[in-house]
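Data first, discussion second: the structure below is written as structure tokens.
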Amino acid sequence: MQDQDFKEILEKYTQGIASPDEEAWLERAYLNWNEDERVVPSDEVLNPALIAIRQQVMSATKPRPAMGIWTRISTAAAVLLLVSLLSWLFIDQFKTDQHIEIVAGTKDIKAGANRATLILANGKEIDLTNAADGQLSVEQTGLKITKSANGELTYELSDTETTAQQVTRYNTIRTPAGGKYKVVLQDSTQVWLNASSSLTYPTSFANADFRTVELKGEGYFEVAKLQSAARHIPFVVKTAHQEIRVLGTHFNVNAYEDERSTATTLLEGSVEVNGRFKLIPGQQARGEGTEIRLRNVVASDYVDWKSGEFNLNSGDFRTVMRKIARWYDVEIVYDETAPERVKNLGGWISRTKNISSVLNIMQETGKVHFKLEGRRVTVSK
């Protein structure tokens, strides 16, 4: 292997992005240095930390008098443990400079969680975050509303009131910054709400010609088919700039007020946007105001949040930062050196991580730097 190859693998190893095969090669190289010097590049391509590891390994693996098999195995295990320990110590020190700046006294910020408020038709508000699990006691006859332990609100018709007696009432479920929630509507349609979002919906779809809900922010829908008198009852999602009509399908709608455009991304089935644009799976209807254009996309890139992840390479840099701001409930401040556009900021990472883990991955690309102070993140080049 050439020096240049070794440099590239070493770089990736110290950044934690080397493949399993590359890690295995590097670790075998450490153990084989004293047996075959040809696999080791010259010292000038190694950083001081790895030179020290090499010296330790070579010292530990000098030829010894013949030993029994179990002695040799024990020695090899000890050497491997030493290499692992030294690698962790030196590489961790090497990567420290890549970490974001956290101002003294500032605590790392935890990821968001299942948090939401249910607003009933009469204006009463129920904090779902602190409400006990089980059936909620609400003044809405004819319905059972249940909150589950895994963060899900479910509506069901009760046995005490017939369909004909149902009165249309509208509830709203609202998530704060740093919150998410799932609601199962009375027709079995499932809706996942992202942070800083709200959904207004009828508590029952009895005798309805359309199942119409209103969305602000971002939601992922799995619409159940509903049939009455031998006809399908369409499901309609209204946002400030789009109206999405479906029969039964899976799709995502991003309609945040602080984003320049509204985007509907179809994963399964078929939808119609604004009565003019029909989408097939893998298409997105994106537009500003009444101007809408269709484009082909990798749909899974746009539902990363629903899968519990951040796709740091999806969308422009400022859009990614707004996602982070909503999920961690932080303020983003850009100094005069902050870049407008940055690509390839580290790939995918779990949304369960603290904010420092997400920002560190982005900063390790060398394209952007962050400072965390209280609940403020300052961005610079």
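In the structure tokens, each chain is lettered A, B, ... as it comes, each chain's residues begin at 1, and ligands are numbered from 1 in order of appearance.
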
Using only C-alpha atoms, tabulate the residues of range 260-312 of chain A lying at most 12 Å from any atom of range 170-182 of chain A, each with its closest atom pair and that distance in Å to one decimal, by chain and increasing residue number, as JSON lines.
{"residue": "A:Trp305", "atom": "CA", "partner": "A:Lys180", "partner_atom": "CA", "distance": 9.7}
{"residue": "A:Lys306", "atom": "CA", "partner": "A:Lys180", "partner_atom": "CA", "distance": 9.3}
{"residue": "A:Gly308", "atom": "CA", "partner": "A:Lys180", "partner_atom": "CA", "distance": 10.5}

Writer output for current selection, C-alpha atoms, as a PDB file, in the first residue's frame:
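The new file result.pdb reads:
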ATOM      1  CA  TRP A 305     -37.330  13.178  10.636  1.00  0.00           C
ATOM      2  CA  LYS A 306     -40.136  10.612  10.665  1.00  0.00           C
ATOM      3  CA  GLY A 308     -35.780   9.487  13.679  1.00  0.00           C
TER       4      GLY A 308
END

Residues at most 6 Å from Val184 in chain A, counting only C-alpha atoms, excluding those fewer than 6 positions away in the same chain, as a list in words?
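Within the cut-off, the hits are Leu153, Thr154 and Gln190 of chain A.
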
For range 208-224 of chain A, work out the shell of residues within 7 Å, counting only C-alpha atoms and skipping chain neighbours fewer than 6 positions away, then give it as a VMD selection string.
chain A and resid 187 to 194 196 to 201 233 to 239 248 to 256

Would you work out the distance separating CA of Leu118 in chain A from CA of Asn150 in chain A, expressed in Å to one decimal?
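Here the two named atoms are 16.2 Å from each other.
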
Quick one: residues within 10 Å of Ile102 in chain A, only C-alpha atoms, excluding same-chain residues fewer than 2 positions away - as a ChimeraX atom specification?
/A:99-100,104-108,356,370-374,377
